[in-house]
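A.B. asks: Got a file for you: structure39.csv, CSV, N, CA and C atoms.
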chain,number,residue,atom,x,y,z
E,22,ARG,N,92.0,107.3,91.7
E,22,ARG,CA,91.3,108.3,92.5
E,22,ARG,C,89.8,107.9,92.5
E,23,SER,N,89.2,108.3,93.6
E,23,SER,CA,87.7,107.9,93.7
E,23,SER,C,86.9,109.0,93.0
E,24,SER,N,85.6,108.7,92.8
E,24,SER,CA,84.7,109.6,92.1
E,24,SER,C,84.6,110.9,92.9
E,25,ILE,N,84.7,110.9,94.2
E,25,ILE,CA,84.6,112.1,95.0
E,25,ILE,C,85.9,113.0,94.8
E,26,GLN,N,87.0,112.3,94.7
E,26,GLN,CA,88.2,113.1,94.4
E,26,GLN,C,88.2,113.7,93.0
E,27,ARG,N,87.7,113.0,92.1
E,27,ARG,CA,87.6,113.5,90.7
E,27,ARG,C,86.7,114.7,90.6
E,28,GLU,N,85.5,114.5,91.3
E,28,GLU,CA,84.5,115.6,91.4
E,28,GLU,C,85.1,116.9,92.1
E,29,ALA,N,85.8,116.7,93.2
E,29,ALA,CA,86.4,117.8,93.9
E,29,ALA,C,87.4,118.5,93.0
E,30,SER,N,88.2,117.7,92.3
E,30,SER,CA,89.2,118.3,91.3
E,30,SER,C,88.5,119.1,90.2
E,31,ARG,N,87.4,118.6,89.7
E,31,ARG,CA,86.7,119.3,88.7
E,31,ARG,C,86.1,120.6,89.2
E,32,VAL,N,85.5,120.5,90.4
E,32,VAL,CA,84.8,121.7,90.9
E,32,VAL,C,85.9,122.8,91.2
E,33,LEU,N,87.0,122.4,91.7
E,33,LEU,CA,88.1,123.4,92.0
E,33,LEU,C,88.8,123.8,90.8
E,34,GLY,N,88.7,123.1,89.7
E,34,GLY,CA,89.3,123.5,88.4
E,34,GLY,C,90.8,123.2,88.4
E,35,ARG,N,91.3,122.3,89.2
E,35,ARG,CA,92.7,122.0,89.3
E,35,ARG,C,92.9,120.6,89.9
E,36,PRO,N,94.0,120.0,89.6
E,36,PRO,CA,94.3,118.7,90.1
E,36,PRO,C,94.5,118.7,91.6
E,37,LEU,N,94.1,117.7,92.4
E,37,LEU,CA,94.4,117.7,93.8
E,37,LEU,C,95.7,117.1,94.0
E,38,ASP,N,96.5,117.8,94.8
E,38,ASP,CA,97.9,117.2,95.2
E,38,ASP,C,97.8,116.2,96.3
E,39,VAL,N,96.9,116.5,97.3
E,39,VAL,CA,96.8,115.7,98.4
E,39,VAL,C,95.3,115.5,98.8
E,40,TRP,N,95.0,114.3,99.3
E,40,TRP,CA,93.6,114.1,99.7
E,40,TRP,C,93.7,113.5,101.1
E,41,LEU,N,93.1,114.1,102.1
E,41,LEU,CA,93.1,113.6,103.5
E,41,LEU,C,91.7,112.9,103.7
E,42,PRO,N,91.7,111.6,103.8
E,42,PRO,CA,90.5,110.9,103.9
E,42,PRO,C,89.8,111.0,105.3
E,43,ALA,N,88.5,110.9,105.3
E,43,ALA,CA,87.8,110.8,106.6
E,43,ALA,C,88.2,109.5,107.3
E,44,ASP,N,88.6,109.6,108.5
E,44,ASP,CA,89.0,108.4,109.2
E,44,ASP,C,88.7,108.4,110.7
E,45,SER,N,88.0,107.4,111.2
E,45,SER,CA,87.7,107.4,112.6
E,45,SER,C,88.9,107.3,113.5
E,46,ALA,N,90.0,107.0,113.0
E,46,ALA,CA,91.2,106.8,113.8
E,46,ALA,C,91.6,108.2,114.4
E,47,ALA,N,91.3,109.3,113.7
E,47,ALA,CA,91.7,110.6,114.2
E,47,ALA,C,90.9,110.9,115.5
E,48,ALA,N,89.6,110.6,115.5
E,48,ALA,CA,88.8,110.8,116.7
E,48,ALA,C,89.2,110.0,117.8
E,49,ALA,N,89.6,108.7,117.5
E,49,ALA,CA,90.0,107.8,118.5
E,49,ALA,C,91.3,108.3,119.1
E,50,ALA,N,92.2,108.8,118.3
E,50,ALA,CA,93.5,109.3,118.8
E,50,ALA,C,93.3,110.5,119.7
E,51,ALA,N,92.4,111.4,119.2
E,51,ALA,CA,92.1,112.6,120.0
E,51,ALA,C,91.5,112.2,121.4
E,52,ASP,N,90.6,111.3,121.3
E,52,ASP,CA,89.9,110.9,122.6
E,52,ASP,C,90.9,110.2,123.6
E,53,SER,N,91.9,109.6,123.0
E,53,SER,CA,92.9,109.0,123.9
E,53,SER,C,94.0,109.9,124.3
E,54,GLY,N,94.1,111.1,123.7
E,54,GLY,CA,95.1,112.1,124.0
E,54,GLY,C,96.4,111.7,123.4
E,55,ARG,N,96.5,110.9,122.3
E,55,ARG,CA,97.7,110.5,121.7
E,55,ARG,C,97.7,111.0,120.3
E,56,PRO,N,98.9,111.3,119.7
E,56,PRO,CA,99.0,111.7,118.3
E,56,PRO,C,98.5,110.5,117.4
E,57,LEU,N,98.0,110.9,116.3
E,57,LEU,CA,97.5,109.9,115.3
E,57,LEU,C,98.7,109.0,114.9
E,58,SER,N,99.9,109.5,114.8
E,58,SER,CA,101.0,108.7,114.4
E,58,SER,C,101.3,107.6,115.4
E,59,VAL,N,100.9,107.8,116.6
E,59,VAL,CA,101.2,106.8,117.7
E,59,VAL,C,100.0,105.9,117.9
E,60,ALA,N,98.8,106.5,117.9
E,60,ALA,CA,97.6,105.8,118.2
E,60,ALA,C,97.2,104.8,117.0
E,61,ALA,N,97.4,105.3,115.8
E,61,ALA,CA,97.0,104.5,114.6
E,61,ALA,C,97.9,104.8,113.4
E,62,PRO,N,99.1,104.4,113.5
E,62,PRO,CA,100.1,104.7,112.5
E,62,PRO,C,99.8,104.2,111.1
E,63,ARG,N,99.0,103.1,111.0
E,63,ARG,CA,98.7,102.5,109.7
E,63,ARG,C,97.4,102.9,109.2
E,64,SER,N,96.7,103.9,109.9
E,64,SER,CA,95.4,104.3,109.4
E,64,SER,C,95.6,105.1,108.1
E,65,ARG,N,94.5,105.2,107.3
E,65,ARG,CA,94.6,105.9,106.0
E,65,ARG,C,95.0,107.3,106.2
E,66,LEU,N,94.4,108.0,107.2
E,66,LEU,CA,94.7,109.4,107.5
E,66,LEU,C,96.2,109.6,107.9
E,67,ALA,N,96.7,108.7,108.7
E,67,ALA,CA,98.1,108.8,109.1
E,67,ALA,C,99.0,108.7,107.9
E,68,LYS,N,98.7,107.7,107.1
E,68,LYS,CA,99.5,107.5,105.8
E,68,LYS,C,99.4,108.8,104.9
E,69,ALA,N,98.2,109.4,104.8
E,69,ALA,CA,98.1,110.6,104.0
E,69,ALA,C,98.9,111.7,104.6
E,70,TYR,N,98.9,111.9,105.9
E,70,TYR,CA,99.7,112.9,106.6
E,70,TYR,C,101.2,112.7,106.3
E,71,ARG,N,101.6,111.4,106.3
E,71,ARG,CA,103.1,111.2,106.0
E,71,ARG,C,103.4,111.5,104.6
E,72,ARG,N,102.5,111.2,103.7
E,72,ARG,CA,102.8,111.6,102.3
E,72,ARG,C,102.8,113.1,102.1
E,73,LEU,N,101.9,113.8,102.8
E,73,LEU,CA,101.9,115.3,102.7
E,73,LEU,C,103.2,115.8,103.3
E,74,ALA,N,103.6,115.3,104.4
E,74,ALA,CA,104.9,115.8,105.0
E,74,ALA,C,106.1,115.5,104.1
E,75,GLU,N,106.1,114.3,103.5
E,75,GLU,CA,107.2,114.0,102.6
E,75,GLU,C,107.2,115.0,101.4
E,76,ARG,N,106.0,115.3,100.9
E,76,ARG,CA,105.9,116.2,99.7
E,76,ARG,C,106.4,117.6,100.1
E,77,ILE,N,106.1,118.1,101.3
E,77,ILE,CA,106.5,119.4,101.8
E,77,ILE,C,108.0,119.4,101.9
E,78,VAL,N,108.6,118.4,102.5
E,78,VAL,CA,110.0,118.3,102.7
E,78,VAL,C,110.7,118.3,101.3
E,79,GLN,N,110.2,117.5,100.4
E,79,GLN,CA,110.8,117.5,99.0
E,79,GLN,C,110.7,118.8,98.3
E,80,GLN,N,109.6,119.5,98.4
E,80,GLN,CA,109.4,120.8,97.8
E,80,GLN,C,110.3,121.8,98.4
E,81,ALA,N,110.5,121.8,99.8
E,81,ALA,CA,111.3,122.7,100.5
E,81,ALA,C,112.8,122.5,100.1
E,82,ALA,N,113.2,121.3,99.9
E,82,ALA,CA,114.6,121.0,99.5
E,82,ALA,C,114.8,121.4,98.1
E,83,ALA,N,113.8,121.3,97.2
E,83,ALA,CA,114.0,121.7,95.8
E,83,ALA,C,114.1,123.2,95.7
E,84,THR,N,113.5,123.9,96.6
E,84,THR,CA,113.5,125.4,96.4
E,84,THR,C,114.5,126.1,97.3
E,85,GLN,N,115.4,125.3,97.9
E,85,GLN,CA,116.5,125.9,98.7
E,85,GLN,C,117.4,126.7,97.8
E,86,ILE,N,117.8,127.8,98.2
E,86,ILE,CA,118.8,128.6,97.4
E,86,ILE,C,120.1,128.2,97.9
E,87,GLN,N,121.0,127.8,96.9
E,87,GLN,CA,122.3,127.4,97.3
E,87,GLN,C,123.2,128.6,97.7
E,88,PRO,N,123.9,128.5,98.8
E,88,PRO,CA,124.7,129.7,99.2
E,88,PRO,C,125.9,129.9,98.2
E,89,ALA,N,126.2,131.1,98.0
E,89,ALA,CA,127.3,131.5,97.1
E,89,ALA,C,128.6,131.2,97.9
E,90,ILE,N,129.6,130.6,97.2
E,90,ILE,CA,130.9,130.3,97.9
E,90,ILE,C,131.9,131.2,97.4
Take the structure in the file and give it back as structure tokens.
C.D. replies:
Amino acid sequence: RSSIQREASRVLGRPLDVWLPADSAAAAAADSGRPLSVAAPRSRLAKAYRRLAERIVQQAAATQIQPAI
């Protein structure tokens, strides 16, 4: 983790689960009218969004209540 991430974690008083980096690819994607995942799929921000989505799916799957049979 970078010093900025460590400082943010300290100020918030909790560990950071996800960090979305500043990335010029987002502005370029918006300017071209295309989703970030299409315009710049290998950008740092696109990768961070994928990690966030994967984490959300994993947490949702882990909290699913199993139906009674």
A.B. asks: Would you pick out the contacts of Arg65 (chain E) at 9 Å or less, using only C-alpha atoms, so that residues sharing its chain but fewer than 5 positions from it are not included, and give the list as a ChimeraX atom specification?
C.D. replies: /E:41-44,46,70
A.B. asks: Point out the residue among E:Arg71, E:Arg22, E:Ala83, E:Gly34 with the least atom-to-atom distance to Ser58 (chain E), counting only C-alpha atoms.
C.D. replies: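 Distance minimum relative to Ser58 (chain E) lands on E:Arg71.
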A.B. asks: Mind pulling up the distance from CA of Pro62 (chain E) to CA of Ser45 (chain E)?
C.D. replies: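 Pair CA of Ser45 (chain E) / CA of Pro62 (chain E) returns 12.7 Å.
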A.B. asks: Measure the distance from CA of Leu66 (chain E) to atom N of Ala47 (chain E) in Å and round it to one decimal.
C.D. replies: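 Separation of CA of Leu66 (chain E) and atom N of Ala47 (chain E): 7.1 Å.
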A.B. asks: To one decimal place in Å, what is the distance between CA of Arg72 (chain E) and CA of Asp38 (chain E)?
C.D. replies: 10.3 Å
A.B. asks: Can you list, as JSON, numbers by chain, every residue of chain E that DSSP puts in alpha helix (DSSP H)?
C.D. replies: {"E": [24, 25, 26, 27, 28, 29, 30, 31, 32, 33, 45, 46, 47, 48, 49, 50, 51, 52, 53, 57, 58, 59, 60, 65, 66, 67, 68, 69, 70, 71, 72, 73, 74, 75, 76, 77, 78, 79, 80, 81, 82, 83]}
A.B. asks: Pick out the closest residue to Arg76 (chain E) from this set: E:Ala51, E:Val39, E:Pro56, E:Ala29. Count only C-alpha atoms.
C.D. replies: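 Residue with the minimum atom-to-atom distance to Arg76 (chain E): E:Val39.
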